[in-house]
Amino acid sequence: MKPLTEQEIRTAFVNCTKGEAKRLSVPRDLADRAWDDLDYLGWRDPQAPERAYIVVELDGGPKAITLRCPGATSGHMRRSMCSMCVTTHTGGVSLMVAPKAGKSGQQGNSVGAYLCSDLACSLYVRGKKDAGVGGRLHESLTLEEKIQRTVANLATFVAKVTA
């Protein structure tokens with residue numbers, strides 16, 4: 001992924017108002033990110049833990065979406081699989097819901113997907129972050145094919161948000 005500025009990120013949001021995009025928390029460490037290892041930029045809002053954001057390069061430019069996600073919960077932890085990168089975690093996958101873009105979203109329609117709670121799919125796929133024992137299933141795919149699958153899954157999710 002190519003490095004993005006705060007302004008590029010704020011103008012890329014497709015499922016919130018310009019005012020909401022202006023007020024949301026953008027990571028302060030954009031210059032320090034390992035952009036070559038990222039298929040998308042994802043982060044949880046430190047000021048609103050039940051909000052998350054994803055920015056992905058599609059059709060030659062960045063597209064960003066806002067997500068609602070559960071906060072930290074205690075209780076039963078079960079093993080779940082991320083629908084983007086196919087990494088399994090015990091308690092580390094969350095159902096994240098994105099309001100649809102445009103009139104459909106204004107009417108309350110949304111789209112959900114199970115994602116790594118820390119939004120570090122790119123790092124799990126590349127083996128730069130450990131998901132624990134059994135986190136990455138043995139596959140015959142190459143690293144490049146796994147990356148392509150993650151990007152394709154994310155593009156499909158963003159397409160559902162913008163449809």
# chains A, B, ... in the order shown; residues from 1 in each chain; ligands from 1
$ residues_around --residues "segment 113-128 of chain A" --least-positions-apart "6" --cutoff "7 Å" --atoms "only C-alpha atoms" --output "PyMOL selection string"
chain A and resi 37-39+42-43+82-85+92-97+143+146-147
$ write_last_selection --atoms "C-alpha atoms" --output "compact mmCIF listing (two decimals), in the first residue's frame"
# COMPACT_ATOMS: atom_id res chain seq x y z
CA ASP A 37 3.61 -4.69 4.65
CA LEU A 38 0.05 -3.32 4.58
CA ASP A 39 -2.72 -4.36 2.24
CA GLY A 42 -6.99 -0.39 9.75
CA TRP A 43 -7.27 1.02 13.26
CA CYS A 82 -11.35 -13.74 10.14
CA SER A 83 -13.29 -13.60 6.89
CA MET A 84 -10.62 -11.39 5.28
CA CYS A 85 -7.28 -13.11 6.01
CA GLY A 92 -9.51 -12.11 18.57
CA VAL A 93 -12.17 -11.91 15.84
CA SER A 94 -15.06 -9.45 15.99
CA LEU A 95 -18.18 -8.92 13.95
CA MET A 96 -17.64 -5.44 12.53
CA VAL A 97 -20.55 -3.64 10.92
CA LEU A 143 2.31 -15.76 0.20
CA LYS A 146 -2.76 -15.31 0.35
CA ILE A 147 -2.24 -11.55 0.02
$ select_by_dssp --residues "segment 4-135 of chain A" --states "strand (DSSP E or B)" --output "VMD selection string"
chain A and resid 13 40 to 45 48 to 58 61 to 68 79 to 81 87 to 90 93 to 99 110 to 116
$ atom_distance --atom1 "atom CA of Glu50 of chain A" --atom2 "atom CA of Pro70 of chain A"
5.5 Å
$ select_by_dssp --residues "chain A" --states "alpha helix (DSSP H)" --output "PyMOL selection string"
chain A and resi 6-11+18-23+102-106+121-125+143-162
$ write_last_selection --atoms "C-alpha atoms" --output "compact mmCIF listing (two decimals), in the first residue's frame"
# COMPACT_ATOMS: atom_id res chain seq x y z
CA GLU A 6 -4.24 12.41 7.12
CA GLN A 7 -6.06 14.56 4.53
CA GLU A 8 -6.13 11.73 1.95
CA ILE A 9 -7.61 9.43 4.59
CA ARG A 10 -10.28 11.90 5.70
CA THR A 11 -11.45 12.59 2.12
CA LYS A 18 -17.70 15.00 5.73
CA GLY A 19 -18.19 16.37 9.25
CA GLU A 20 -17.86 12.90 10.79
CA ALA A 21 -14.75 12.22 8.69
CA LYS A 22 -13.26 15.52 9.88
CA ARG A 23 -13.85 14.66 13.56
CA GLY A 102 -25.52 6.87 0.59
CA LYS A 103 -29.27 6.78 1.05
CA SER A 104 -29.28 3.10 2.01
CA GLY A 105 -26.98 3.82 4.95
CA GLN A 106 -29.06 6.83 5.98
CA CYS A 121 -4.70 -9.03 8.78
CA SER A 122 -1.76 -7.95 6.59
CA LEU A 123 0.72 -8.79 9.35
CA TYR A 124 -0.86 -12.17 10.14
CA VAL A 125 -0.80 -13.20 6.47
CA LEU A 143 2.31 -15.76 0.20
CA GLU A 144 1.35 -13.68 -2.85
CA GLU A 145 -1.83 -15.74 -3.33
CA LYS A 146 -2.76 -15.31 0.35
CA ILE A 147 -2.24 -11.55 0.02
CA GLN A 148 -4.36 -11.47 -3.15
CA ARG A 149 -7.13 -13.40 -1.37
CA THR A 150 -7.11 -10.95 1.56
CA VAL A 151 -7.25 -7.95 -0.80
CA ALA A 152 -10.05 -9.57 -2.84
CA ASN A 153 -12.08 -10.35 0.30
CA LEU A 154 -11.67 -6.77 1.50
CA ALA A 155 -12.60 -5.35 -1.93
CA THR A 156 -15.77 -7.48 -1.90
CA PHE A 157 -16.67 -6.17 1.57
CA VAL A 158 -16.11 -2.53 0.55
CA ALA A 159 -18.17 -3.14 -2.62
CA LYS A 160 -21.08 -4.33 -0.44
CA VAL A 161 -20.77 -1.15 1.65
CA THR A 162 -20.80 1.11 -1.41
$ atom_distance --atom1 "atom CA of Ala163 of chain A" --atom2 "atom CA of Ile65 of chain A"
12.9 Å
$ atom_distance --atom1 "atom CA of Leu41 of chain A" --atom2 "atom CA of Ile54 of chain A"
5.6 Å
$ residues_around --residues "Asp32 of chain A" --least-positions-apart "5" --cutoff "12 Å" --atoms "only C-alpha atoms" --output "JSON, numbers by chain"
{"A": [3, 4, 5, 27]}
$ residues_around --residues "Lys63 of chain A" --least-positions-apart "5" --cutoff "8 Å" --atoms "only C-alpha atoms" --output "PyMOL selection string"
chain A and resi 12-14+55-58
$ residues_around --residues "Ser25 of chain A" --least-positions-apart "4" --cutoff "8 Å" --atoms "only C-alpha atoms" --output "MDAnalysis selection string"
chainID A and resid 45:47
$ decode --residues "segment 4-39 of chain A" --atoms "N, CA and C atoms" --output "short mmCIF file (atom, residue, chain, number, x, y, z; two decimals), in the first residue's frame"
data_model
loop_
_atom_site.label_atom_id
_atom_site.label_comp_id
_atom_site.auth_asym_id
_atom_site.auth_seq_id
_atom_site.Cartn_x
_atom_site.Cartn_y
_atom_site.Cartn_z
N LEU A 4 -0.23 7.13 2.98
CA LEU A 4 -1.33 8.09 2.89
C LEU A 4 -1.15 9.20 3.92
N THR A 5 -1.64 10.36 3.59
CA THR A 5 -1.63 11.48 4.54
C THR A 5 -2.97 11.51 5.28
N GLU A 6 -3.00 12.26 6.35
CA GLU A 6 -4.24 12.41 7.12
C GLU A 6 -5.36 12.97 6.23
N GLN A 7 -5.05 13.95 5.40
CA GLN A 7 -6.06 14.56 4.53
C GLN A 7 -6.58 13.56 3.50
N GLU A 8 -5.70 12.75 2.92
CA GLU A 8 -6.13 11.73 1.95
C GLU A 8 -7.07 10.73 2.62
N ILE A 9 -6.76 10.37 3.85
CA ILE A 9 -7.61 9.43 4.59
C ILE A 9 -8.97 10.05 4.85
N ARG A 10 -9.00 11.26 5.36
CA ARG A 10 -10.28 11.90 5.70
C ARG A 10 -11.18 12.08 4.48
N THR A 11 -10.62 12.39 3.32
CA THR A 11 -11.45 12.59 2.12
C THR A 11 -11.86 11.28 1.47
N ALA A 12 -11.29 10.14 1.91
CA ALA A 12 -11.58 8.85 1.29
C ALA A 12 -12.82 8.16 1.86
N PHE A 13 -13.39 8.67 2.96
CA PHE A 13 -14.51 7.98 3.60
C PHE A 13 -15.76 8.03 2.72
N VAL A 14 -16.38 6.85 2.56
CA VAL A 14 -17.55 6.73 1.69
C VAL A 14 -18.86 6.49 2.45
N ASN A 15 -18.78 6.16 3.73
CA ASN A 15 -20.01 5.83 4.45
C ASN A 15 -20.22 6.67 5.71
N CYS A 16 -19.73 7.90 5.67
CA CYS A 16 -20.02 8.85 6.74
C CYS A 16 -20.02 10.25 6.14
N THR A 17 -20.50 11.20 6.91
CA THR A 17 -20.54 12.57 6.40
C THR A 17 -19.15 13.19 6.44
N LYS A 18 -18.99 14.29 5.72
CA LYS A 18 -17.70 15.00 5.73
C LYS A 18 -17.37 15.48 7.14
N GLY A 19 -18.39 15.92 7.87
CA GLY A 19 -18.19 16.37 9.25
C GLY A 19 -17.70 15.24 10.14
N GLU A 20 -18.31 14.06 10.00
CA GLU A 20 -17.86 12.90 10.79
C GLU A 20 -16.42 12.53 10.43
N ALA A 21 -16.10 12.55 9.14
CA ALA A 21 -14.75 12.22 8.69
C ALA A 21 -13.74 13.23 9.24
N LYS A 22 -14.15 14.48 9.36
CA LYS A 22 -13.26 15.52 9.88
C LYS A 22 -12.99 15.33 11.37
N ARG A 23 -13.98 14.80 12.11
CA ARG A 23 -13.85 14.66 13.56
C ARG A 23 -13.23 13.35 14.02
N LEU A 24 -13.19 12.32 13.18
CA LEU A 24 -12.70 11.02 13.65
C LEU A 24 -11.20 11.04 13.91
N SER A 25 -10.74 10.13 14.74
CA SER A 25 -9.33 10.05 15.13
C SER A 25 -8.54 9.27 14.07
N VAL A 26 -7.55 9.94 13.48
CA VAL A 26 -6.66 9.31 12.51
C VAL A 26 -5.36 8.99 13.25
N PRO A 27 -4.74 7.84 12.98
CA PRO A 27 -3.48 7.51 13.67
C PRO A 27 -2.43 8.60 13.51
N ARG A 28 -1.71 8.86 14.59
CA ARG A 28 -0.68 9.90 14.59
C ARG A 28 0.65 9.38 14.02
N ASP A 29 0.76 8.06 13.89
CA ASP A 29 2.04 7.47 13.46
C ASP A 29 2.06 7.09 11.97
N LEU A 30 1.35 7.82 11.14
CA LEU A 30 1.27 7.48 9.72
C LEU A 30 2.66 7.43 9.07
N ALA A 31 3.54 8.33 9.44
CA ALA A 31 4.88 8.37 8.84
C ALA A 31 5.72 7.16 9.25
N ASP A 32 5.39 6.53 10.37
CA ASP A 32 6.17 5.41 10.88
C ASP A 32 5.60 4.04 10.50
N ARG A 33 4.49 4.01 9.81
CA ARG A 33 3.87 2.73 9.44
C ARG A 33 4.72 1.99 8.42
N ALA A 34 4.70 0.67 8.49
CA ALA A 34 5.40 -0.17 7.52
C ALA A 34 4.47 -0.37 6.32
N TRP A 35 4.32 0.64 5.50
CA TRP A 35 3.33 0.65 4.42
C TRP A 35 3.53 -0.51 3.44
N ASP A 36 4.77 -0.94 3.23
CA ASP A 36 5.02 -2.04 2.29
C ASP A 36 4.42 -3.36 2.78
N ASP A 37 4.19 -3.48 4.08
CA ASP A 37 3.61 -4.69 4.65
C ASP A 37 2.10 -4.62 4.80
N LEU A 38 1.49 -3.51 4.39
CA LEU A 38 0.05 -3.32 4.58
C LEU A 38 -0.72 -3.48 3.28
N ASP A 39 -1.78 -4.26 3.35
CA ASP A 39 -2.72 -4.36 2.24
C ASP A 39 -3.84 -3.34 2.41
#
